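Asker: start-v9.cif is reproduced in full below (mmCIF, C-alpha atoms, pLDDT in the B column; chains and numbers go by the auth columns).
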data_coords
loop_
_atom_site.group_PDB
_atom_site.id
_atom_site.type_symbol
_atom_site.label_atom_id
_atom_site.label_comp_id
_atom_site.label_asym_id
_atom_site.label_seq_id
_atom_site.Cartn_x
_atom_site.Cartn_y
_atom_site.Cartn_z
_atom_site.B_iso_or_equiv
_atom_site.auth_seq_id
_atom_site.auth_asym_id
ATOM 1 C CA LEU A 1 -13.816 27.016 9.760 35.00 1 A
ATOM 2 C CA SER A 2 -17.555 26.472 9.514 38.00 2 A
ATOM 3 C CA MET A 3 -19.227 23.999 7.199 43.00 3 A
ATOM 4 C CA GLN A 4 -22.584 25.779 7.417 50.00 4 A
ATOM 5 C CA PRO A 5 -24.089 27.178 4.181 52.00 5 A
ATOM 6 C CA PHE A 6 -23.006 30.747 3.512 55.00 6 A
ATOM 7 C CA SER A 7 -24.884 33.587 1.836 60.00 7 A
ATOM 8 C CA MET A 8 -23.715 35.715 -1.077 60.00 8 A
ATOM 9 C CA SER A 9 -25.032 38.967 -2.449 65.00 9 A
ATOM 10 C CA ALA A 10 -25.594 39.545 -6.154 61.00 10 A
ATOM 11 C CA THR A 11 -22.592 41.865 -6.291 69.00 11 A
ATOM 12 C CA GLU A 12 -20.222 39.723 -4.254 69.00 12 A
ATOM 13 C CA THR A 13 -17.349 37.982 -6.056 67.00 13 A
ATOM 14 C CA VAL A 14 -15.993 34.610 -4.987 64.00 14 A
ATOM 15 C CA THR A 15 -13.309 32.770 -6.927 63.00 15 A
ATOM 16 C CA VAL A 16 -14.083 29.072 -7.411 60.00 16 A
ATOM 17 C CA GLU A 17 -11.250 26.743 -8.435 58.00 17 A
ATOM 18 C CA LEU A 18 -12.147 23.352 -9.901 55.00 18 A
ATOM 19 C CA ARG A 19 -9.571 20.573 -10.121 56.00 19 A
ATOM 20 C CA TYR A 20 -10.453 17.202 -11.581 53.00 20 A
ATOM 21 C CA GLN A 21 -9.151 14.860 -14.248 54.00 21 A
ATOM 22 C CA CYS A 22 -11.007 13.215 -17.102 53.00 22 A
ATOM 23 C CA LEU A 23 -9.117 10.471 -18.938 51.00 23 A
ATOM 24 C CA SER A 24 -11.367 10.241 -22.002 54.00 24 A
ATOM 25 C CA HIS A 25 -11.886 13.809 -23.205 55.00 25 A
ATOM 26 C CA LEU A 26 -11.774 17.427 -22.116 55.00 26 A
ATOM 27 C CA PRO A 27 -14.305 17.880 -19.277 53.00 27 A
ATOM 28 C CA ARG A 28 -16.754 20.771 -19.468 57.00 28 A
ATOM 29 C CA VAL A 29 -18.205 22.354 -16.369 55.00 29 A
ATOM 30 C CA TYR A 30 -21.047 24.867 -16.622 56.00 30 A
ATOM 31 C CA TYR A 31 -21.974 27.373 -13.963 55.00 31 A
ATOM 32 C CA ARG A 32 -24.334 30.315 -13.622 58.00 32 A
ATOM 33 C CA GLU A 33 -23.195 33.593 -12.168 58.00 33 A
ATOM 34 C CA PRO A 34 -24.489 33.955 -8.606 55.00 34 A
ATOM 35 C CA GLN A 35 -27.755 35.700 -8.031 60.00 35 A
ATOM 36 C CA ASN A 36 -29.197 34.431 -4.783 60.00 36 A
ATOM 37 C CA LEU A 37 -27.661 30.972 -5.334 61.00 37 A
ATOM 38 C CA ILE A 38 -24.854 29.548 -7.419 60.00 38 A
ATOM 39 C CA ASP A 39 -25.330 26.323 -9.324 63.00 39 A
ATOM 40 C CA MET A 40 -23.039 24.128 -11.391 62.00 40 A
ATOM 41 C CA GLU A 41 -23.366 21.119 -13.646 62.00 41 A
ATOM 42 C CA ALA A 42 -21.146 18.871 -15.748 63.00 42 A
ATOM 43 C CA ILE A 43 -22.386 16.493 -18.418 62.00 43 A
ATOM 44 C CA GLU A 44 -19.545 14.044 -17.623 60.00 44 A
ATOM 45 C CA ALA A 45 -20.685 13.716 -13.999 60.00 45 A
ATOM 46 C CA GLN A 46 -24.465 13.811 -13.956 57.00 46 A
ATOM 47 C CA PHE A 47 -24.838 11.928 -10.691 62.00 47 A
ATOM 48 C CA ILE A 48 -22.111 13.527 -8.574 63.00 48 A
ATOM 49 C CA ASP A 49 -22.765 16.025 -5.824 68.00 49 A
ATOM 50 C CA TYR A 50 -20.345 18.930 -5.702 68.00 50 A
ATOM 51 C CA PHE A 51 -19.195 20.250 -2.338 74.00 51 A
ATOM 52 C CA LEU A 52 -17.649 23.712 -2.321 73.00 52 A
ATOM 53 C CA ILE A 53 -15.355 24.146 0.663 75.00 53 A
ATOM 54 C CA TYR A 54 -15.294 27.810 1.591 70.00 54 A
ATOM 55 C CA ALA A 55 -12.035 28.840 3.249 69.00 55 A
ATOM 56 C CA PRO A 56 -11.404 32.569 2.707 66.00 56 A
ATOM 57 C CA PRO A 57 -8.313 34.186 4.267 60.00 57 A
ATOM 58 C CA ASP A 58 -10.319 36.186 6.813 60.00 58 A
ATOM 59 C CA THR A 59 -11.751 33.023 8.400 60.00 59 A
ATOM 60 C CA TYR A 60 -8.741 30.769 8.043 59.00 60 A
ATOM 61 C CA GLN A 61 -5.205 31.752 9.012 61.00 61 A
ATOM 62 C CA SER A 62 -2.658 29.614 7.210 58.00 62 A
ATOM 63 C CA PRO A 63 0.135 28.373 9.503 60.00 63 A
ATOM 64 C CA VAL A 64 2.640 29.243 6.782 57.00 64 A
ATOM 65 C CA ASN A 65 1.287 32.821 6.513 59.00 65 A
ATOM 66 C CA GLN A 66 0.779 32.669 2.789 58.00 66 A
ATOM 67 C CA ALA A 67 -1.846 31.615 0.315 57.00 67 A
ATOM 68 C CA SER A 68 -2.363 27.859 0.451 62.00 68 A
ATOM 69 C CA LEU A 69 -4.961 25.106 0.225 72.00 69 A
ATOM 70 C CA ASP A 70 -4.643 24.303 3.939 74.00 70 A
ATOM 71 C CA GLY A 71 -8.094 25.700 4.655 75.00 71 A
ATOM 72 C CA VAL A 72 -9.612 23.572 1.900 77.00 72 A
ATOM 73 C CA VAL A 73 -7.858 20.484 3.253 80.00 73 A
ATOM 74 C CA GLN A 74 -9.194 21.243 6.734 80.00 74 A
ATOM 75 C CA GLY A 75 -12.700 21.583 5.324 80.00 75 A
ATOM 76 C CA TYR A 76 -12.312 18.294 3.460 83.00 76 A
ATOM 77 C CA ARG A 77 -11.282 16.594 6.692 83.00 77 A
ATOM 78 C CA LEU A 78 -14.457 17.907 8.327 82.00 78 A
ATOM 79 C CA LEU A 79 -16.513 16.381 5.524 84.00 79 A
ATOM 80 C CA THR A 80 -14.811 12.992 5.466 86.00 80 A
ATOM 81 C CA GLU A 81 -13.468 12.834 9.037 83.00 81 A
ATOM 82 C CA ALA A 82 -9.759 12.696 9.668 78.00 82 A
ATOM 83 C CA ALA A 83 -7.856 9.755 8.187 81.00 83 A
ATOM 84 C CA PRO A 84 -5.950 7.754 10.799 84.00 84 A
ATOM 85 C CA MET A 85 -2.199 8.226 10.680 85.00 85 A
ATOM 86 C CA TYR A 86 0.222 5.324 10.473 87.00 86 A
ATOM 87 C CA GLU A 87 2.732 4.876 13.249 84.00 87 A
ATOM 88 C CA LEU A 88 5.774 7.122 13.048 83.00 88 A
ATOM 89 C CA SER A 89 8.149 4.433 11.745 79.00 89 A
ATOM 90 C CA CYS A 90 6.140 4.158 8.509 83.00 90 A
ATOM 91 C CA TYR A 91 7.254 7.653 7.555 86.00 91 A
ATOM 92 C CA GLY A 92 10.941 6.937 8.132 84.00 92 A
ATOM 93 C CA PHE A 93 13.571 5.377 5.854 88.00 93 A
ATOM 94 C CA TRP A 94 13.067 1.771 4.730 90.00 94 A
ATOM 95 C CA GLN A 95 16.234 0.128 3.434 90.00 95 A
ATOM 96 C CA CYS A 96 15.623 -2.077 0.395 90.00 96 A
ATOM 97 C CA LYS A 97 17.702 -3.380 -2.520 89.00 97 A
ATOM 98 C CA GLU A 98 17.171 -5.829 -5.372 90.00 98 A
ATOM 99 C CA HIS A 99 17.580 -8.590 -2.779 91.00 99 A
ATOM 100 C CA TYR A 100 19.733 -9.680 0.109 93.00 100 A
ATOM 101 C CA ALA A 101 21.329 -13.065 -0.465 94.00 101 A
ATOM 102 C CA SER A 102 21.634 -14.424 3.063 95.00 102 A
ATOM 103 C CA GLN A 103 20.797 -14.046 6.723 94.00 103 A
ATOM 104 C CA GLN A 104 24.413 -13.062 7.389 96.00 104 A
ATOM 105 C CA GLU A 105 24.305 -10.245 4.824 96.00 105 A
ATOM 106 C CA ILE A 106 21.092 -8.760 6.269 95.00 106 A
ATOM 107 C CA LEU A 107 22.457 -8.752 9.809 96.00 107 A
ATOM 108 C CA GLN A 108 25.782 -7.264 8.702 96.00 108 A
ATOM 109 C CA VAL A 109 24.047 -4.469 6.781 95.00 109 A
ATOM 110 C CA ALA A 110 21.716 -3.732 9.703 95.00 110 A
ATOM 111 C CA ALA A 111 24.630 -3.593 12.150 96.00 111 A
ATOM 112 C CA GLU A 112 26.553 -1.254 9.821 95.00 112 A
ATOM 113 C CA PHE A 113 23.605 1.151 9.656 95.00 113 A
ATOM 114 C CA ARG A 114 23.454 1.278 13.438 94.00 114 A
ATOM 115 C CA GLN A 115 27.227 1.627 13.806 94.00 115 A
ATOM 116 C CA ARG A 116 27.200 4.611 11.451 95.00 116 A
ATOM 117 C CA GLN A 117 24.156 6.016 13.263 93.00 117 A
ATOM 118 C CA LEU A 118 22.159 6.257 10.050 91.00 118 A
ATOM 119 C CA PRO A 119 18.435 6.549 10.813 89.00 119 A
ATOM 120 C CA VAL A 120 16.692 3.485 9.360 91.00 120 A
ATOM 121 C CA ASP A 121 13.352 2.158 10.592 90.00 121 A
ATOM 122 C CA ALA A 122 12.936 -0.983 8.494 93.00 122 A
ATOM 123 C CA ILE A 123 14.939 -3.344 6.314 94.00 123 A
ATOM 124 C CA VAL A 124 13.321 -5.252 3.450 93.00 124 A
ATOM 125 C CA GLN A 125 14.075 -8.759 2.203 93.00 125 A
ATOM 126 C CA ASP A 126 13.014 -8.880 -1.416 92.00 126 A
ATOM 127 C CA TRP A 127 12.873 -12.039 -3.526 92.00 127 A
ATOM 128 C CA ARG A 128 15.103 -15.138 -3.725 93.00 128 A
ATOM 129 C CA TYR A 129 15.176 -15.852 -0.013 93.00 129 A
ATOM 130 C CA TRP A 130 13.950 -19.286 -1.158 93.00 130 A
ATOM 131 C CA GLY A 131 17.238 -19.754 -3.076 89.00 131 A
ATOM 132 C CA ASP A 132 18.428 -19.210 -6.627 88.00 132 A
ATOM 133 C CA ASN A 133 16.439 -22.091 -8.129 88.00 133 A
ATOM 134 C CA SER A 134 13.055 -20.792 -9.306 88.00 134 A
ATOM 135 C CA VAL A 135 11.425 -24.190 -8.708 89.00 135 A
ATOM 136 C CA ASN A 136 11.508 -23.261 -5.005 89.00 136 A
ATOM 137 C CA TRP A 137 9.845 -19.862 -5.549 91.00 137 A
ATOM 138 C CA GLY A 138 7.458 -19.378 -2.634 90.00 138 A
ATOM 139 C CA PRO A 139 7.168 -18.099 0.952 92.00 139 A
ATOM 140 C CA GLN A 140 9.872 -20.366 2.341 93.00 140 A
ATOM 141 C CA TRP A 141 13.448 -19.835 3.520 94.00 141 A
ATOM 142 C CA ASP A 142 16.511 -21.450 1.969 93.00 142 A
ATOM 143 C CA THR A 143 17.881 -23.262 5.022 93.00 143 A
ATOM 144 C CA GLN A 144 21.480 -22.990 3.767 93.00 144 A
ATOM 145 C CA ARG A 145 21.410 -19.211 3.433 95.00 145 A
ATOM 146 C CA TYR A 146 18.870 -18.494 6.163 95.00 146 A
ATOM 147 C CA PRO A 147 19.532 -21.175 8.793 95.00 147 A
ATOM 148 C CA ASP A 148 17.616 -19.402 11.578 95.00 148 A
ATOM 149 C CA PRO A 149 14.978 -16.924 10.283 95.00 149 A
ATOM 150 C CA LYS A 150 13.410 -16.467 13.714 96.00 150 A
ATOM 151 C CA GLY A 151 16.809 -15.749 15.272 95.00 151 A
ATOM 152 C CA MET A 152 17.520 -13.277 12.459 95.00 152 A
ATOM 153 C CA VAL A 153 14.283 -11.400 13.129 96.00 153 A
ATOM 154 C CA ASN A 154 15.000 -11.337 16.857 96.00 154 A
ATOM 155 C CA GLU A 155 18.428 -9.809 16.207 96.00 155 A
ATOM 156 C CA LEU A 156 16.903 -7.176 13.909 96.00 156 A
ATOM 157 C CA HIS A 157 14.318 -6.309 16.533 95.00 157 A
ATOM 158 C CA GLY A 158 17.145 -6.055 19.063 95.00 158 A
ATOM 159 C CA MET A 159 18.713 -3.400 16.827 95.00 159 A
ATOM 160 C CA ASN A 160 15.340 -1.615 16.676 93.00 160 A
ATOM 161 C CA PHE A 161 14.587 -2.620 13.078 94.00 161 A
ATOM 162 C CA TYR A 162 11.268 -3.586 11.568 93.00 162 A
ATOM 163 C CA PHE A 163 11.586 -6.423 9.041 94.00 163 A
ATOM 164 C CA MET A 164 9.561 -6.741 5.841 93.00 164 A
ATOM 165 C CA VAL A 165 9.502 -9.679 3.409 94.00 165 A
ATOM 166 C CA SER A 166 8.110 -9.575 -0.129 92.00 166 A
ATOM 167 C CA VAL A 167 5.736 -12.401 -0.992 91.00 167 A
ATOM 168 C CA TRP A 168 3.930 -13.382 -4.186 89.00 168 A
ATOM 169 C CA SER A 169 0.907 -15.467 -5.120 89.00 169 A
ATOM 170 C CA LYS A 170 3.221 -17.280 -7.544 91.00 170 A
ATOM 171 C CA PHE A 171 5.007 -20.578 -6.895 92.00 171 A
ATOM 172 C CA GLY A 172 7.678 -22.802 -8.319 91.00 172 A
ATOM 173 C CA GLN A 173 6.845 -26.481 -8.640 91.00 173 A
ATOM 174 C CA ASN A 174 8.808 -27.437 -5.490 88.00 174 A
ATOM 175 C CA ALA A 175 7.365 -24.729 -3.237 91.00 175 A
ATOM 176 C CA THR A 176 6.164 -26.087 0.103 91.00 176 A
ATOM 177 C CA CYS A 177 3.129 -23.820 0.061 90.00 177 A
ATOM 178 C CA LEU A 178 2.135 -25.088 -3.384 90.00 178 A
ATOM 179 C CA GLN A 179 2.162 -28.655 -2.088 91.00 179 A
ATOM 180 C CA TYR A 180 -0.124 -27.594 0.752 90.00 180 A
ATOM 181 C CA LEU A 181 -2.502 -25.820 -1.635 89.00 181 A
ATOM 182 C CA ARG A 182 -2.641 -28.880 -3.864 90.00 182 A
ATOM 183 C CA GLN A 183 -3.408 -31.057 -0.855 90.00 183 A
ATOM 184 C CA GLN A 184 -6.240 -28.754 0.201 89.00 184 A
ATOM 185 C CA GLN A 185 -7.543 -28.606 -3.347 86.00 185 A
ATOM 186 C CA ASN A 186 -7.603 -32.392 -3.672 86.00 186 A
ATOM 187 C CA GLN A 187 -9.382 -32.817 -0.334 87.00 187 A
ATOM 188 C CA THR A 188 -12.080 -30.201 -0.836 86.00 188 A
ATOM 189 C CA GLY A 189 -12.457 -29.981 -4.613 86.00 189 A
ATOM 190 C CA ASN A 190 -12.051 -26.222 -4.299 85.00 190 A
ATOM 191 C CA ILE A 191 -9.945 -24.961 -7.233 88.00 191 A
ATOM 192 C CA GLU A 192 -7.340 -22.771 -5.533 88.00 192 A
ATOM 193 C CA ILE A 193 -4.811 -22.688 -8.367 89.00 193 A
ATOM 194 C CA ILE A 194 -5.561 -20.725 -11.532 89.00 194 A
ATOM 195 C CA PRO A 195 -6.400 -23.262 -14.277 88.00 195 A
ATOM 196 C CA GLY A 196 -3.754 -23.519 -16.974 87.00 196 A
ATOM 197 C CA THR A 197 -0.861 -22.730 -14.657 88.00 197 A
ATOM 198 C CA GLU A 198 -0.843 -25.986 -12.682 84.00 198 A
ATOM 199 C CA LYS A 199 1.978 -27.624 -14.676 86.00 199 A
ATOM 200 C CA SER A 200 3.855 -24.503 -15.732 86.00 200 A
ATOM 201 C CA SER A 201 7.072 -23.135 -14.250 85.00 201 A
ATOM 202 C CA SER A 202 5.011 -20.338 -12.662 87.00 202 A
ATOM 203 C CA VAL A 203 1.984 -21.624 -10.776 89.00 203 A
ATOM 204 C CA TRP A 204 -0.465 -18.952 -9.645 92.00 204 A
ATOM 205 C CA LEU A 205 -2.843 -18.887 -6.700 91.00 205 A
ATOM 206 C CA ASP A 206 -6.375 -17.654 -7.403 90.00 206 A
ATOM 207 C CA PRO A 207 -6.432 -14.556 -5.157 89.00 207 A
ATOM 208 C CA TYR A 208 -10.221 -14.177 -5.458 90.00 208 A
ATOM 209 C CA ASN A 209 -10.929 -17.624 -4.068 90.00 209 A
ATOM 210 C CA ALA A 210 -11.894 -17.193 -0.409 91.00 210 A
ATOM 211 C CA GLN A 211 -10.566 -20.577 0.732 91.00 211 A
ATOM 212 C CA ALA A 212 -7.356 -20.065 -1.237 91.00 212 A
ATOM 213 C CA GLN A 213 -6.841 -16.802 0.639 92.00 213 A
ATOM 214 C CA LEU A 214 -7.137 -18.612 3.971 92.00 214 A
ATOM 215 C CA ASP A 215 -4.855 -21.450 2.897 92.00 215 A
ATOM 216 C CA TYR A 216 -2.244 -19.023 1.575 93.00 216 A
ATOM 217 C CA TYR A 217 -2.357 -17.111 4.853 93.00 217 A
ATOM 218 C CA HIS A 218 -1.776 -20.433 6.620 92.00 218 A
ATOM 219 C CA CYS A 219 1.476 -20.733 4.639 92.00 219 A
ATOM 220 C CA ILE A 220 2.842 -17.266 5.232 93.00 220 A
ATOM 221 C CA ARG A 221 1.796 -17.269 8.857 93.00 221 A
ATOM 222 C CA ALA A 222 3.899 -20.382 9.500 90.00 222 A
ATOM 223 C CA THR A 223 7.002 -19.088 7.689 92.00 223 A
ATOM 224 C CA MET A 224 6.713 -15.323 8.212 92.00 224 A
ATOM 225 C CA PHE A 225 4.372 -14.009 10.901 92.00 225 A
ATOM 226 C CA ASP A 226 5.100 -16.677 13.482 90.00 226 A
ATOM 227 C CA ILE A 227 8.830 -15.902 13.422 90.00 227 A
ATOM 228 C CA GLY A 228 8.223 -12.367 14.660 84.00 228 A
#
Could I get this structure in the form of structure tokens?
Answerer:
Amino acid sequence: LSMQPFSMSATETVTVELRYQCLSHLPRVYYREPQNLIDMEAIEAQFIDYFLIYAPPDTYQSPVNQASLDGVVQGYRLLTEAAPMYELSCYGFWQCKEHYASQQEILQVAAEFRQRQLPVDAIVQDWRYWGDNSVNWGPQWDTQRYPDPKGMVNELHGMNFYFMVSVWSKFGQNATCLQYLRQQQNQTGNIEIIPGTEKSSSVWLDPYNAQAQLDYYHCIRATMFDIG
């Protein structure tokens, strides 16, 4: 498939398919029948360059032996360069539910999947790993229900599982990370907590504050990344 300009005669017919979405009103695209050149314009997109990817059947053989957009996709990849692929496990099955309630439950479920030889690449711990009390909402483990998070992750890795944990930029008043953010805020004067939420039941980190981003990463690194 060549991306070089191609020539057309005045009598030659080429079908051009346009696909784009306009949320405000019906888009109108104008084009002039080809003479020596073909040109197009659209009043909704006055500053956009249009690239026509030419992939006729005689120059591109579809691997599925039928009409498809594979040739157009290949041409697009030549224009933009190929996007890197994620590792294979990302395309497998990730087991997730509303939430697991304990370290024991996660390990039992993981072991059952392996015993039944069901192909699972990752298991996800959603919310409430900090406990049922919302005042503890934050990236921290309830020590009664998750007595050894690092040991849990090691066991999951031993069963060839990836482990994912959901985190939020929201905190309950007793969250350890919130105490750290408040300490940093008091020392530096940098407002890391969104004003108006400081004394509420849901305290929110300012995600656009550069120092708050670093301090929040400090929290989740200690409780999440460093355990494996």
Asker: As JSON, please: the centre and edge lengths in Å, to one decimal, of an axis-aligned box enclosing every listed atom of stretch 79-97 of chain A with 8 Å added on each side.
Answerer:
{"center_x": 0.6, "center_y": 6.5, "center_z": 5.4, "size_x": 50.2, "size_y": 35.8, "size_z": 31.8}
Asker: Would you please work out which residue, of A:Tyr217, A:Phe51, A:Phe113, A:Phe171, is nearest to A:Ser201 when using all atoms listed in the file?
Answerer: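 So, comparing all the options, the nearest one is A:Phe171.
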Asker: Can you pull out the residues contacting stretch 142-149 of chain A? Cut-off 9 Å, using all atoms listed in the file, and skip same-chain residues under 6 positions away; I want them as a list in words.
Answerer: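 Listed by chain and then number, they are Ala101, Ser102, Gln103, Gln104, Arg128, Tyr129, Trp130, Gly131, Asn136, Thr223, Met224 and Ile227 of chain A.
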Asker: Using C-alpha atoms, can you write the selected residues to a file as a PDB file, keeping the file's coordinate frame?
Answerer:
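again.pdb was written with the following content:
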ATOM      1  CA  ALA A 101      21.329 -13.065  -0.465  1.00 94.00           C
ATOM      2  CA  SER A 102      21.634 -14.424   3.063  1.00 95.00           C
ATOM      3  CA  GLN A 103      20.797 -14.046   6.723  1.00 94.00           C
ATOM      4  CA  GLN A 104      24.413 -13.062   7.389  1.00 96.00           C
ATOM      5  CA  ARG A 128      15.103 -15.138  -3.725  1.00 93.00           C
ATOM      6  CA  TYR A 129      15.176 -15.852  -0.013  1.00 93.00           C
ATOM      7  CA  TRP A 130      13.950 -19.286  -1.158  1.00 93.00           C
ATOM      8  CA  GLY A 131      17.238 -19.754  -3.076  1.00 89.00           C
ATOM      9  CA  ASN A 136      11.508 -23.261  -5.005  1.00 89.00           C
ATOM     10  CA  THR A 223       7.002 -19.088   7.689  1.00 92.00           C
ATOM     11  CA  MET A 224       6.713 -15.323   8.212  1.00 92.00           C
ATOM     12  CA  ILE A 227       8.830 -15.902  13.422  1.00 90.00           C
TER      13      ILE A 227
END
Asker: Would you mind listing what lies within 8 Å of A:Leu205 as number ranges by chain, with all atoms listed in the file counted and same-chain residues fewer than 3 positions away left out?
Answerer: A: 169-170, 192-194, 212
Asker: The selected residues should be written to file as a short mmCIF file (atom, residue, chain, number, x, y, z; two decimals), keeping the file's coordinate frame (atoms: C-alpha atoms).
Answerer:
data_model
loop_
_atom_site.label_atom_id
_atom_site.label_comp_id
_atom_site.auth_asym_id
_atom_site.auth_seq_id
_atom_site.Cartn_x
_atom_site.Cartn_y
_atom_site.Cartn_z
CA SER A 169 0.91 -15.47 -5.12
CA LYS A 170 3.22 -17.28 -7.54
CA GLU A 192 -7.34 -22.77 -5.53
CA ILE A 193 -4.81 -22.69 -8.37
CA ILE A 194 -5.56 -20.72 -11.53
CA ALA A 212 -7.36 -20.07 -1.24
#
Asker: Run the PyMOL selection byres ((chain A and resi 156) around 12) mentally over the shown coordinates, then write out the matched residues as a PyMOL selection string, using the chain letters and numbers from the document.
Answerer: chain A and resi 103-104+106-111+113-114+120-124+149-155+157-164+227-228
Asker: Restrict the selected residues to C-alpha atoms and save them as a PDB file, in the frame of the given file.
Answerer:
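Result file follows (result-v5.pdb):
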ATOM      1  CA  GLN A 103      20.797 -14.046   6.723  1.00 94.00           C
ATOM      2  CA  GLN A 104      24.413 -13.062   7.389  1.00 96.00           C
ATOM      3  CA  ILE A 106      21.092  -8.760   6.269  1.00 95.00           C
ATOM      4  CA  LEU A 107      22.457  -8.752   9.809  1.00 96.00           C
ATOM      5  CA  GLN A 108      25.782  -7.264   8.702  1.00 96.00           C
ATOM      6  CA  VAL A 109      24.047  -4.469   6.781  1.00 95.00           C
ATOM      7  CA  ALA A 110      21.716  -3.732   9.703  1.00 95.00           C
ATOM      8  CA  ALA A 111      24.630  -3.593  12.150  1.00 96.00           C
ATOM      9  CA  PHE A 113      23.605   1.151   9.656  1.00 95.00           C
ATOM     10  CA  ARG A 114      23.454   1.278  13.438  1.00 94.00           C
ATOM     11  CA  VAL A 120      16.692   3.485   9.360  1.00 91.00           C
ATOM     12  CA  ASP A 121      13.352   2.158  10.592  1.00 90.00           C
ATOM     13  CA  ALA A 122      12.936  -0.983   8.494  1.00 93.00           C
ATOM     14  CA  ILE A 123      14.939  -3.344   6.314  1.00 94.00           C
ATOM     15  CA  VAL A 124      13.321  -5.252   3.450  1.00 93.00           C
ATOM     16  CA  PRO A 149      14.978 -16.924  10.283  1.00 95.00           C
ATOM     17  CA  LYS A 150      13.410 -16.467  13.714  1.00 96.00           C
ATOM     18  CA  GLY A 151      16.809 -15.749  15.272  1.00 95.00           C
ATOM     19  CA  MET A 152      17.520 -13.277  12.459  1.00 95.00           C
ATOM     20  CA  VAL A 153      14.283 -11.400  13.129  1.00 96.00           C
ATOM     21  CA  ASN A 154      15.000 -11.337  16.857  1.00 96.00           C
ATOM     22  CA  GLU A 155      18.428  -9.809  16.207  1.00 96.00           C
ATOM     23  CA  HIS A 157      14.318  -6.309  16.533  1.00 95.00           C
ATOM     24  CA  GLY A 158      17.145  -6.055  19.063  1.00 95.00           C
ATOM     25  CA  MET A 159      18.713  -3.400  16.827  1.00 95.00           C
ATOM     26  CA  ASN A 160      15.340  -1.615  16.676  1.00 93.00           C
ATOM     27  CA  PHE A 161      14.587  -2.620  13.078  1.00 94.00           C
ATOM     28  CA  TYR A 162      11.268  -3.586  11.568  1.00 93.00           C
ATOM     29  CA  PHE A 163      11.586  -6.423   9.041  1.00 94.00           C
ATOM     30  CA  MET A 164       9.561  -6.741   5.841  1.00 93.00           C
ATOM     31  CA  ILE A 227       8.830 -15.902  13.422  1.00 90.00           C
ATOM     32  CA  GLY A 228       8.223 -12.367  14.660  1.00 84.00           C
TER      33      GLY A 228
END
Asker: Quick one: distance from atom CA of A:Glu112 to atom CA of A:Glu87 in Å, one decimal?
Answerer: 24.8 Å
Asker: Find the distance between atom CA of A:Val72 and atom CA of A:Leu52 and write it in Å to one decimal.
Answerer: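 Atom-to-atom, atom CA of A:Val72 and atom CA of A:Leu52 are spaced 9.1 Å apart.
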Asker: Record the distance separating atom CA of A:Gln211 and atom CA of A:Gln185, expressed in Å with one decimal.
Answerer: 9.5 Å
Asker: Considering only C-alpha atoms, can you say which of A:Cys177, A:Gln184, A:Ser166, A:Gln140 comes closest to A:Gln125?
Answerer: A:Ser166
Asker: Using the chain letters and numbers from this file, what does the PyMOL selection byres ((chain A and resi 176) around 10) select? Give the answer as a ChimeraX atom specification.
Answerer: /A:136-140,171-175,177-181,219
Asker: Which of these, A:Val203, A:Asn190, A:Gly75, A:Trp168, has the shortest distance to A:Tyr216 once you count all atoms listed in the file?
Answerer: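 With all atoms listed in the file as the atom set, the closest residue is A:Trp168.
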